[in-house]
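Shown below: my_file-v7.txt, with compact mmCIF, C-alpha atoms and all ligand atoms.
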# COMPACT_ATOMS: atom_id res chain seq x y z
CA MET G 3 44.16 -5.36 18.39
CA SER G 4 45.93 -8.29 16.74
CA ASP G 5 44.29 -10.96 14.68
CA ASP G 6 42.92 -13.63 16.98
CA SER G 7 44.35 -16.83 15.62
CA SER G 8 43.52 -18.45 18.98
CA ALA G 9 39.78 -18.13 18.27
CA SER G 10 38.53 -21.59 19.18
CA SER G 11 37.34 -23.94 16.46
CA LEU G 12 33.69 -23.99 15.46
CA GLN G 13 31.35 -26.12 17.59
CA ASN G 14 29.73 -27.47 14.46
CA PRO G 15 31.85 -26.62 11.40
CA ALA G 16 29.25 -27.99 8.96
CA GLN G 17 26.45 -25.79 10.33
CA PRO G 18 28.07 -22.93 12.27
CA LEU G 19 25.78 -20.61 14.19
CA VAL G 20 26.48 -17.00 13.19
CA LEU G 21 25.25 -13.81 14.82
CA ALA G 22 25.35 -10.71 12.57
CA LEU G 23 24.85 -7.06 13.41
CA GLU G 24 24.08 -4.36 10.83
CA THR G 25 24.38 -0.67 11.70
CA SER G 26 25.62 0.98 8.51
CA CYS G 27 23.04 3.76 8.52
CA ASP G 28 19.78 4.19 10.43
CA GLU G 29 18.58 0.62 10.99
CA SER G 30 19.79 -1.35 14.00
CA ALA G 31 19.56 -4.98 12.94
CA ALA G 32 20.56 -8.41 14.24
CA ALA G 33 20.20 -11.88 12.73
CA LEU G 34 21.03 -15.46 13.63
CA MET G 35 21.87 -18.02 10.99
CA ARG G 36 22.66 -21.74 11.31
CA GLY G 37 24.63 -22.76 8.19
CA THR G 38 22.72 -20.67 5.66
CA ASN G 39 19.34 -21.15 7.35
CA LEU G 40 17.96 -17.96 8.80
CA LEU G 41 16.75 -18.59 12.38
CA ALA G 42 15.78 -15.05 13.38
CA ALA G 43 16.12 -11.48 12.09
CA GLU G 44 15.07 -8.24 13.72
CA VAL G 45 15.31 -4.62 12.56
CA PHE G 46 14.76 -1.55 14.68
CA SER G 47 14.05 1.26 12.22
CA GLN G 48 14.96 4.83 13.14
CA VAL G 49 12.84 6.31 10.33
CA ALA G 50 10.49 8.06 12.75
CA VAL G 51 13.43 9.72 14.57
CA HIS G 52 15.14 11.01 11.40
CA GLY G 53 11.85 11.86 9.66
CA GLU G 54 11.66 15.00 11.80
CA TYR G 55 14.93 16.23 10.23
CA GLY G 56 14.13 15.13 6.65
CA GLY G 57 17.21 12.87 6.53
CA VAL G 58 19.62 10.81 8.63
CA VAL G 59 21.47 12.78 11.33
CA PRO G 60 24.65 10.77 12.07
CA GLU G 61 24.91 11.59 15.77
CA VAL G 62 21.24 10.87 16.36
CA ALA G 63 21.69 7.58 14.47
CA SER G 64 24.62 6.44 16.59
CA ARG G 65 22.86 7.28 19.88
CA SER G 66 19.83 5.40 18.66
CA HIS G 67 21.97 2.35 17.72
CA LEU G 68 23.40 2.38 21.22
CA ARG G 69 19.90 2.12 22.68
CA ALA G 70 18.49 -0.35 20.13
CA LEU G 71 21.30 -2.86 19.66
CA ARG G 72 20.91 -4.72 22.94
CA PRO G 73 17.13 -5.22 22.52
CA VAL G 74 17.44 -6.45 18.89
CA LEU G 75 20.25 -8.80 19.94
CA ASP G 76 18.21 -10.18 22.87
CA SER G 77 15.22 -10.49 20.62
CA VAL G 78 16.90 -12.71 17.96
CA LEU G 79 18.42 -14.92 20.68
CA SER G 80 15.04 -15.31 22.34
CA ILE G 81 13.22 -16.03 19.03
CA ALA G 82 15.77 -18.76 18.24
CA GLY G 83 15.81 -20.05 21.83
CA LEU G 84 19.61 -19.66 21.95
CA GLN G 85 22.24 -17.93 24.07
CA LEU G 86 25.41 -16.05 23.26
CA ARG G 87 27.52 -19.03 24.35
CA ASP G 88 25.94 -21.11 21.54
CA LEU G 89 27.49 -18.89 18.84
CA ASP G 90 30.25 -20.15 16.56
CA ALA G 91 31.08 -16.78 14.99
CA VAL G 92 30.09 -13.12 15.11
CA ALA G 93 29.81 -10.83 12.08
CA ALA G 94 29.13 -7.15 11.54
CA THR G 95 28.91 -4.71 8.66
CA SER G 96 32.28 -2.96 8.31
CA GLY G 97 31.31 -0.57 5.48
CA PRO G 98 30.38 1.39 3.53
CA GLY G 99 28.19 3.59 5.70
CA LEU G 100 28.20 6.24 8.41
CA ALA G 101 31.40 5.93 10.46
CA THR G 102 29.75 6.57 13.81
CA SER G 103 26.98 4.06 13.06
CA LEU G 104 29.32 1.34 11.74
CA MET G 105 31.50 1.69 14.83
CA LEU G 106 28.66 0.74 17.15
CA GLY G 107 27.77 -2.57 15.51
CA LEU G 108 31.37 -3.50 14.73
CA SER G 109 32.57 -2.81 18.29
CA LEU G 110 29.74 -4.75 19.90
CA ALA G 111 30.26 -7.71 17.54
CA LYS G 112 34.03 -7.73 18.17
CA GLY G 113 33.43 -7.53 21.91
CA ILE G 114 31.14 -10.56 21.83
CA ALA G 115 33.64 -12.47 19.65
CA VAL G 116 36.50 -11.68 22.05
CA ALA G 117 34.46 -12.62 25.14
CA LEU G 118 33.46 -15.96 23.57
CA GLY G 119 36.84 -16.65 21.90
CA LYS G 120 35.08 -17.04 18.55
CA PRO G 121 35.93 -15.71 15.07
CA PHE G 122 34.89 -12.21 14.02
CA ILE G 123 33.86 -11.67 10.40
CA PRO G 124 33.63 -8.18 8.86
CA VAL G 125 31.11 -7.95 6.01
CA ASN G 126 30.72 -5.50 3.12
CA HIS G 127 27.19 -4.07 3.24
CA ILE G 128 26.86 -3.94 -0.55
CA GLU G 129 28.00 -7.55 -0.93
CA GLY G 130 25.23 -8.32 1.57
CA HIS G 131 22.65 -6.66 -0.69
CA LEU G 132 24.15 -8.25 -3.82
CA LEU G 133 23.87 -11.81 -2.49
CA SER G 134 20.59 -11.40 -0.54
CA PRO G 135 18.40 -12.76 -3.38
CA PHE G 136 20.29 -16.08 -3.15
CA LEU G 137 19.41 -16.59 0.51
CA SER G 138 16.46 -18.81 -0.30
CA GLU G 139 18.34 -20.71 -3.02
CA PRO G 140 19.48 -24.11 -1.73
CA GLU G 141 22.66 -24.07 -3.89
CA GLY G 142 23.56 -20.49 -2.90
CA PRO G 143 25.14 -17.87 -5.19
CA ARG G 144 25.83 -18.82 -8.80
CA ALA G 145 26.52 -17.22 -12.18
CA ALA G 146 24.17 -14.25 -12.50
CA ILE G 147 23.80 -10.57 -13.20
CA GLY G 148 23.29 -8.66 -9.96
CA LEU G 149 21.53 -5.29 -9.90
CA VAL G 150 21.95 -3.44 -6.60
CA VAL G 151 19.62 -0.45 -6.29
CA SER G 152 19.84 1.20 -2.87
CA GLY G 153 19.95 4.68 -1.36
CA GLY G 154 23.69 5.00 -1.97
CA HIS G 155 24.41 2.62 -4.85
CA THR G 156 23.24 1.61 -8.30
CA LEU G 157 25.47 -1.19 -9.56
CA LEU G 158 25.30 -3.77 -12.31
CA VAL G 159 27.56 -6.66 -11.40
CA ARG G 160 28.55 -9.91 -13.10
CA ILE G 161 28.47 -12.51 -10.32
CA ARG G 162 30.55 -15.59 -11.04
CA SER G 163 30.48 -17.13 -7.55
CA THR G 164 30.73 -15.93 -3.92
CA GLY G 165 33.53 -13.33 -3.79
CA ASP G 166 34.09 -13.30 -7.57
CA TYR G 167 32.40 -10.20 -8.93
CA GLN G 168 32.99 -7.90 -11.90
CA LEU G 169 31.60 -4.39 -12.12
CA LEU G 170 29.70 -3.84 -15.38
CA GLY G 171 28.26 -0.41 -14.63
CA LYS G 172 27.29 2.07 -11.95
CA THR G 173 25.61 5.42 -11.52
CA LEU G 174 27.74 8.39 -12.46
CA ASP G 175 25.83 10.69 -10.08
CA ASP G 176 22.75 9.98 -7.92
CA ALA G 177 21.84 6.44 -6.91
CA ALA G 178 18.33 5.28 -7.87
CA GLY G 179 17.12 5.41 -4.24
CA GLU G 180 18.68 8.84 -3.78
CA ALA G 181 16.73 10.09 -6.83
CA PHE G 182 13.48 8.70 -5.37
CA ASP G 183 14.26 10.40 -2.04
CA LYS G 184 15.12 13.75 -3.64
CA VAL G 185 11.98 13.75 -5.78
CA GLY G 186 9.93 12.83 -2.68
CA LYS G 187 11.44 15.84 -0.91
CA LEU G 188 10.68 18.16 -3.88
CA LEU G 189 7.07 16.99 -3.69
CA GLY G 190 6.89 17.49 0.08
CA LEU G 191 6.45 13.77 0.80
CA PRO G 192 7.73 12.30 4.08
CA TYR G 193 11.27 10.93 4.49
CA PRO G 194 12.43 8.61 3.02
CA GLY G 195 10.74 9.54 -0.26
CA GLY G 196 11.15 6.18 -2.07
CA PRO G 197 8.26 4.23 -0.54
CA HIS G 198 5.99 7.34 -0.58
CA VAL G 199 6.74 8.17 -4.23
CA SER G 200 6.06 4.55 -5.12
CA GLN G 201 2.78 4.45 -3.17
CA THR G 202 1.59 7.79 -4.58
CA ALA G 203 2.51 6.65 -8.11
CA GLU G 204 -0.13 3.92 -7.88
CA GLN G 205 -2.83 6.59 -8.32
CA GLY G 206 -1.04 8.41 -11.17
CA SER G 207 -0.30 8.13 -14.88
CA GLY G 208 3.21 7.04 -15.81
CA THR G 209 2.85 8.50 -19.30
CA ARG G 210 1.50 11.99 -18.43
CA PHE G 211 4.96 13.63 -18.36
CA GLU G 212 7.79 12.78 -20.70
CA LEU G 213 10.87 12.72 -18.51
CA PRO G 214 14.46 11.97 -19.61
CA ARG G 215 15.77 8.40 -19.74
CA SER G 216 19.43 9.39 -19.33
CA MET G 217 22.06 7.11 -20.82
CA LEU G 218 19.45 4.65 -22.05
CA HIS G 219 21.35 4.32 -25.34
CA SER G 220 24.86 5.07 -24.06
CA GLY G 221 26.10 1.64 -25.14
CA ASP G 222 27.58 0.93 -21.71
CA PHE G 223 26.08 -0.19 -18.40
CA ASP G 224 26.40 3.09 -16.49
CA PHE G 225 23.46 5.10 -15.18
CA SER G 226 22.66 8.74 -14.43
CA PHE G 227 19.66 9.92 -12.45
CA SER G 228 20.48 13.50 -11.51
CA GLY G 229 19.15 14.97 -14.81
CA LEU G 230 15.84 13.22 -14.21
CA LYS G 231 15.57 14.73 -10.74
CA THR G 232 16.37 18.18 -12.19
CA ALA G 233 13.71 17.69 -14.89
CA VAL G 234 11.16 17.05 -12.11
CA ARG G 235 12.34 20.20 -10.30
CA TYR G 236 11.72 22.32 -13.44
CA LEU G 237 8.36 20.70 -14.06
CA LEU G 238 6.82 21.53 -10.69
CA PRO G 239 6.52 25.37 -10.94
CA LYS G 240 4.61 24.94 -14.22
CA HIS G 241 1.66 23.36 -12.40
CA ASN G 242 -0.67 24.66 -9.74
CA PRO G 243 -1.76 22.51 -8.07
CA VAL G 244 1.01 20.01 -8.78
CA PRO G 245 -0.39 16.70 -10.06
CA VAL G 246 1.67 14.81 -7.49
CA ALA G 247 0.51 11.29 -8.38
CA ASP G 248 1.22 11.80 -12.11
CA VAL G 249 4.67 13.28 -11.37
CA CYS G 250 5.49 10.29 -9.10
CA ALA G 251 4.27 7.76 -11.67
CA SER G 252 6.06 9.45 -14.60
CA PHE G 253 9.29 9.76 -12.61
CA GLN G 254 9.08 6.14 -11.46
CA GLU G 255 8.44 4.96 -15.01
CA ALA G 256 11.57 6.77 -16.24
CA VAL G 257 13.77 5.17 -13.54
CA VAL G 258 12.30 1.73 -14.09
CA ASP G 259 12.63 1.96 -17.92
CA VAL G 260 16.37 2.61 -17.68
CA LEU G 261 17.04 0.03 -14.95
CA VAL G 262 15.13 -2.72 -16.77
CA ALA G 263 16.52 -1.96 -20.26
CA LYS G 264 20.18 -1.84 -19.18
CA THR G 265 19.92 -4.88 -16.95
CA MET G 266 18.24 -7.00 -19.62
CA ARG G 267 20.97 -5.92 -22.06
CA ALA G 268 23.66 -6.97 -19.56
CA LEU G 269 22.05 -10.42 -19.30
CA GLU G 270 22.12 -10.70 -23.07
CA VAL G 271 25.71 -9.52 -23.51
CA GLU G 272 27.06 -11.62 -20.64
CA ARG G 273 24.95 -14.62 -21.72
CA VAL G 274 23.68 -15.40 -18.24
CA ASP G 275 20.21 -16.65 -17.45
CA THR G 276 19.84 -15.54 -13.82
CA LEU G 277 19.14 -12.06 -12.50
CA ALA G 278 19.41 -11.10 -8.81
CA VAL G 279 17.86 -7.71 -7.97
CA SER G 280 18.54 -6.26 -4.52
CA GLY G 281 18.66 -3.12 -2.34
CA GLY G 282 15.90 -0.90 -0.97
CA VAL G 283 14.59 0.19 -4.39
CA SER G 284 13.93 -3.47 -5.27
CA CYS G 285 10.91 -3.17 -2.92
CA ASN G 286 9.37 -1.02 -5.64
CA LEU G 287 6.29 -2.79 -6.99
CA ARG G 288 6.51 -1.36 -10.50
CA LEU G 289 10.19 -2.36 -10.78
CA ARG G 290 9.38 -5.89 -9.58
CA GLU G 291 6.47 -6.20 -12.04
CA ARG G 292 8.49 -4.92 -14.98
CA PHE G 293 11.40 -7.27 -14.23
CA GLN G 294 8.98 -10.18 -13.88
CA THR G 295 7.53 -9.48 -17.33
CA ALA G 296 10.91 -8.83 -19.00
CA CYS G 297 12.55 -11.91 -17.47
CA LYS G 298 9.63 -14.14 -18.40
CA SER G 299 9.81 -13.17 -22.05
CA ALA G 300 13.63 -13.46 -22.12
CA GLY G 301 13.67 -16.86 -20.38
CA VAL G 302 15.66 -15.42 -17.46
CA ARG G 303 15.36 -16.71 -13.90
CA LEU G 304 14.55 -13.72 -11.68
CA LEU G 305 15.62 -13.75 -8.03
CA LEU G 306 14.01 -11.05 -5.91
CA ALA G 307 14.50 -11.02 -2.16
CA PRO G 308 11.37 -10.70 0.01
CA LYS G 309 10.79 -7.03 0.84
CA ASP G 310 12.16 -7.19 4.39
CA LEU G 311 15.44 -8.46 2.95
CA CYS G 312 15.59 -5.70 0.28
CA THR G 313 16.01 -2.80 2.70
CA ASP G 314 18.83 -2.83 5.27
CA ASN G 315 18.83 -5.95 7.44
CA ALA G 316 21.28 -8.23 9.22
CA ALA G 317 20.15 -11.48 7.56
CA MET G 318 22.09 -10.52 4.42
CA ILE G 319 25.17 -9.81 6.55
CA ALA G 320 24.85 -13.17 8.34
CA TYR G 321 24.48 -14.85 4.94
CA VAL G 322 27.74 -13.42 3.54
CA ALA G 323 29.48 -14.30 6.84
CA ALA G 324 28.14 -17.87 6.66
CA LEU G 325 29.38 -18.22 3.06
CA LYS G 326 32.79 -16.87 4.08
CA LEU G 327 32.96 -19.33 6.99
CA CYS G 328 32.13 -22.20 4.63
CA ALA G 329 35.02 -21.04 2.43
CA GLY G 330 37.42 -21.24 5.39
CA PHE G 331 37.58 -17.56 6.30
CA ASP G 332 39.81 -16.73 9.31
CA SER G 333 38.87 -14.44 12.18
CA GLN G 334 39.68 -10.75 11.55
CA LEU G 335 39.63 -9.06 14.91
CA ASN G 336 41.88 -6.34 13.51
CA ALA G 337 39.29 -5.36 10.88
CA GLU G 338 38.42 -1.68 10.91
CA ILE G 339 35.34 0.18 9.79
CA GLU G 340 35.45 1.20 6.12
CA PRO G 341 32.91 4.05 5.86
CA ASN G 342 34.14 5.05 2.39
CA LEU G 343 34.62 1.58 0.96
CA ARG G 344 34.63 2.18 -2.78
CA THR G 345 33.27 -0.06 -5.47
CA ALA G 346 36.76 -0.39 -6.97
CA ASP G 347 38.01 -1.78 -3.63
CA TRP G 348 36.03 -5.00 -3.93
CA LEU G 349 34.79 -5.26 -7.52
CA ARG G 350 37.23 -5.95 -10.31
O1 LIG G 401 19.15 -0.68 0.72
P1 LIG G 401 18.57 0.41 1.55
O2 LIG G 401 17.61 0.05 2.66
O3 LIG G 401 19.67 1.29 2.22
C1 LIG G 401 20.87 1.63 1.60
O4 LIG G 401 21.82 0.81 1.64
O5 LIG G 401 20.88 2.73 1.00
O6 LIG G 401 17.86 1.40 0.51
C2 LIG G 401 17.17 2.52 0.93
C3 LIG G 401 16.63 3.20 -0.31
C4 LIG G 401 16.05 4.58 0.02
O7 LIG G 401 16.52 5.50 -0.94
C5 LIG G 401 14.56 4.34 -0.11
O8 LIG G 401 13.83 5.47 -0.45
C6 LIG G 401 14.51 3.31 -1.22
O9 LIG G 401 15.57 2.44 -0.89
N1 LIG G 401 13.23 2.59 -1.26
C7 LIG G 401 12.39 2.63 -2.32
C8 LIG G 401 11.26 1.86 -1.97
N2 LIG G 401 11.47 1.35 -0.72
C9 LIG G 401 12.69 1.82 -0.29
N3 LIG G 401 12.49 3.26 -3.51
C10 LIG G 401 11.48 3.11 -4.37
N4 LIG G 401 10.36 2.40 -4.11
C11 LIG G 401 10.21 1.74 -2.95
N5 LIG G 401 9.11 1.04 -2.69
ZN ZN G 402 21.71 -0.90 2.28
So that I can check it, write out the structure of this file as structure tokens.
Ligand code: KG4
Ligand code: ZN
Amino acid sequence: MSDDSSASSLQNPAQPLVLALETSCDESAAALMRGTNLLAAEVFSQVAVHGEYGGVVPEVASRSHLRALRPVLDSVLSIAGLQLRDLDAVAATSGPGLATSLMLGLSLAKGIAVALGKPFIPVNHIEGHLLSPFLSEPEGPRAAIGLVVSGGHTLLVRIRSTGDYQLLGKTLDDAAGEAFDKVGKLLGLPYPGGPHVSQTAEQGSGTRFELPRSMLHSGDFDFSFSGLKTAVRYLLPKHNPVPVADVCASFQEAVVDVLVAKTMRALEVERVDTLAVSGGVSCNLRLRERFQTACKSAGVRLLLAPKDLCTDNAAMIAYVAALKLCAGFDSQLNAEIEPNLRTADWLR
């Protein structure tokens, strides 16, 4: 398919109406945004379906997207009182993610764009997370440190402006969310482990077990969480019954200690006074509390997205698309899915 330079001009260039679809993994999501104002956002979660298997099954996910996409799309249009013909542009997540899931959202979005003769905008899922805390900021993205903590990524990024990002550090093995999920599994908690570990931790002691804080003093901004997960694995057979709440709380404390210490150090070194924390793990209450305290005493402005914008959603995809449109982005109907999009491909 060639680039569609004939895509008609925007109906209202100052405040274009963008539809975004997000299907990178197991959430089917749609959102409508006028300018950078969110009009409607819906997520159909497949957690119950994949819970039975203890993890996401790609083929099950893509079949489920096929069923859920039309209802979530109809739902956002009906909430906003709009129709497809009102759209000025259509966006979708192009990667990273599961190929067969990405394909569903991207194909539907391209199809709508072609039928309407409107621009199509591919969006990087991780850039969506990274910028999501700025959604409620009237001036939009600005100089900040961004911490993305999701199921697949743990990144510390120097944000200069929209599209201008520098990688400061990343995990060398498991992502923070992945560590939460693996520990949840070890403890026999339901999938995905993160929210269950966090909820169970509320009843436990975070100081009962001394668990490793890997790379806390490594002098760089990289992370490592696989040793921590292994330490939990070795700890469990030593206890009968396993003090699940104390294990959850002690594990969570170790993750949070490292994330907070390294991020606060990055703010200091880079001399920036704004922190934007995003991704599914930023739902974690203890992490939010600890960042609130640390930022208050360091005089740092903390931007945390509301919880429904921390986990996968299409509002963050619509937001990046809206910012790209503002910057004069052209339609990219020839964009392909990028399941393995690497950090080095978009972060300098
Ligand atoms: O950003 P996200 O929805 O999807 C990815 O792009 O990966 O993040 C999902 C991750 C999962 O690992 C999930 O367990 C974790 O975020 N998560 C949490 C919490 N809520 C979701 N981890 C810790 N505490 C939570 N409350
Ligand atoms: Zn995500």
Using all atoms listed in the file, I'd like a table of the residues in region 292-336 of chain G that come within 9 Å of region 125-128 of chain G; for each, show the closest atom pair and its distance in Å rounded to one decimal, ordered by chain and ascending number, as JSON lines.
{"residue": "G:Asp314", "atom": "CA", "partner": "G:His127", "partner_atom": "CA", "distance": 8.7}
{"residue": "G:Met318", "atom": "CA", "partner": "G:His127", "partner_atom": "CA", "distance": 8.3}
{"residue": "G:Ile319", "atom": "CA", "partner": "G:Val125", "partner_atom": "CA", "distance": 6.2}
{"residue": "G:Ala320", "atom": "CA", "partner": "G:Val125", "partner_atom": "CA", "distance": 8.5}
{"residue": "G:Val322", "atom": "CA", "partner": "G:Val125", "partner_atom": "CA", "distance": 6.9}
{"residue": "G:Ala323", "atom": "CA", "partner": "G:Val125", "partner_atom": "CA", "distance": 6.6}
Using only C-alpha atoms and all ligand atoms, find each residue in chain G having at least one atom no more than 6 Å away from ligand LIG 401 (chain G); report its shortest atom-to-atom pair and that distance in Å (one decimal), rows by chain then rising number, as CSV.
residue,atom,partner,partner_atom,distance
G:Ser152,CA,G:LIG401,O6,3.9
G:Gly153,CA,G:LIG401,O5,3.2
G:Gly154,CA,G:LIG401,O5,4.7
G:Gly179,CA,G:LIG401,O7,3.4
G:Glu180,CA,G:LIG401,O7,4.9
G:Phe182,CA,G:LIG401,N3,5.8
G:Asp183,CA,G:LIG401,O8,5.2
G:Pro194,CA,G:LIG401,O8,4.9
G:Gly195,CA,G:LIG401,O8,5.1
G:Gly196,CA,G:LIG401,O8,3.2
G:Pro197,CA,G:LIG401,N5,3.9
G:Ser200,CA,G:LIG401,N4,4.9
G:Gly281,CA,G:LIG401,O1,3.9
G:Gly282,CA,G:LIG401,O9,3.4
G:Val283,CA,G:LIG401,N3,3.8
G:Cys285,CA,G:LIG401,N5,4.6
G:Asn286,CA,G:LIG401,N5,3.6
G:Thr313,CA,G:LIG401,O2,3.3
G:Asp314,CA,G:LIG401,O2,4.1
Contacts of Asp310 (chain G) at 10 Å (all atoms listed in the file; same-chain gap of 5+ positions) as a VMD selection string: chain G and resid 43 to 45 282 285 315 317
Exercise: Thr265 (chain G) partners within 8 Å, only C-alpha atoms, chain neighbours under 2 positions left out, as a PyMOL selection string: chain G and resi 147+149+158+223+261-263+267-269
Top pick for closest residue to ligand ZN 402 (chain G), considering G:Arg303, G:His67, G:Arg273, G:His155 and counting only C-alpha atoms and all ligand atoms: G:His155
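Atom pair CA of Ala70 (chain G) / CA of Gln17 (chain G) has a distance of 28.4 Å (rounded to one decimal).
With all atoms listed in the file taken into account, the protein and nucleic acid residues at most 12 Å from Glu141 (chain G) (excluding it and anything under 4 positions from it in its own chain) are G:Thr38, G:Phe136, G:Leu137, G:Ala145, G:Ser163, G:Thr164, G:Leu325.
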Prev. selection, C-alpha atoms, output as a PDB file, in the coordinates of the input:
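Contents of again-v4.pdb, freshly written:
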ATOM      1  CA  THR G  38      22.720 -20.670   5.660  1.00  0.00           C
ATOM      2  CA  PHE G 136      20.290 -16.080  -3.150  1.00  0.00           C
ATOM      3  CA  LEU G 137      19.410 -16.590   0.510  1.00  0.00           C
ATOM      4  CA  ALA G 145      26.520 -17.220 -12.180  1.00  0.00           C
ATOM      5  CA  SER G 163      30.480 -17.130  -7.550  1.00  0.00           C
ATOM      6  CA  THR G 164      30.730 -15.930  -3.920  1.00  0.00           C
ATOM      7  CA  LEU G 325      29.380 -18.220   3.060  1.00  0.00           C
TER       8      LEU G 325
END
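Of the residues under consideration (G:Ala316, G:Leu349, G:Val20, G:Val59), G:Ala316 shows the shortest atom-to-atom contact distance to ligand ZN 402 (chain G) when counting only C-alpha atoms and all ligand atoms.
The coordinates place CA of Val58 (chain G) at 13.9 Å from CA of Leu104 (chain G).
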Which neighbours of Arg87 (chain G) fall inside 12 Å, counting only C-alpha atoms, when residues of the same chain fewer than 4 positions from it are skipped, and could you give them as a JSON list (two decimals) with C-alpha atoms, in the coordinates of the input?
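Result went into selection-v7.json, see below:
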[["chain", "number", "residue", "atom", "x", "y", "z"],
["G", 12, "LEU", "CA", 33.69, -23.99, 15.46],
["G", 13, "GLN", "CA", 31.35, -26.12, 17.59],
["G", 19, "LEU", "CA", 25.78, -20.61, 14.19],
["G", 20, "VAL", "CA", 26.48, -17.00, 13.19],
["G", 21, "LEU", "CA", 25.25, -13.81, 14.82],
["G", 79, "LEU", "CA", 18.42, -14.92, 20.68],
["G", 91, "ALA", "CA", 31.08, -16.78, 14.99],
["G", 92, "VAL", "CA", 30.09, -13.12, 15.11],
["G", 114, "ILE", "CA", 31.14, -10.56, 21.83],
["G", 115, "ALA", "CA", 33.64, -12.47, 19.65],
["G", 116, "VAL", "CA", 36.50, -11.68, 22.05],
["G", 117, "ALA", "CA", 34.46, -12.62, 25.14],
["G", 118, "LEU", "CA", 33.46, -15.96, 23.57],
["G", 119, "GLY", "CA", 36.84, -16.65, 21.90],
["G", 120, "LYS", "CA", 35.08, -17.04, 18.55]]
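For the atom pair formed by CA of Ser284 (chain G) and CA of Ala178 (chain G), the distance is 10.1 Å, given to one decimal.
Proximity to ligand ZN 402 (chain G) was assessed for G:Pro341, G:Gly37, G:Gly99, G:Gly107 counting only C-alpha atoms and all ligand atoms; the smallest distance is recorded for G:Gly99.
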Nearest to ligand ZN 402 (chain G) by atom-to-atom distance, counting only C-alpha atoms and all ligand atoms, from G:Glu61, G:Asp88, G:Glu129, G:Glu212: G:Glu129
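Nearest to Phe122 (chain G) of all the residues G:Thr232, G:Thr156, G:Asn342, G:Ser333 is G:Ser333, based on all atoms listed in the file.
Taking only C-alpha atoms into account, Ala233 (chain G) lies nearest to G:Val185 out of the set G:Met217, G:Val258, G:Ala111, G:Val185.
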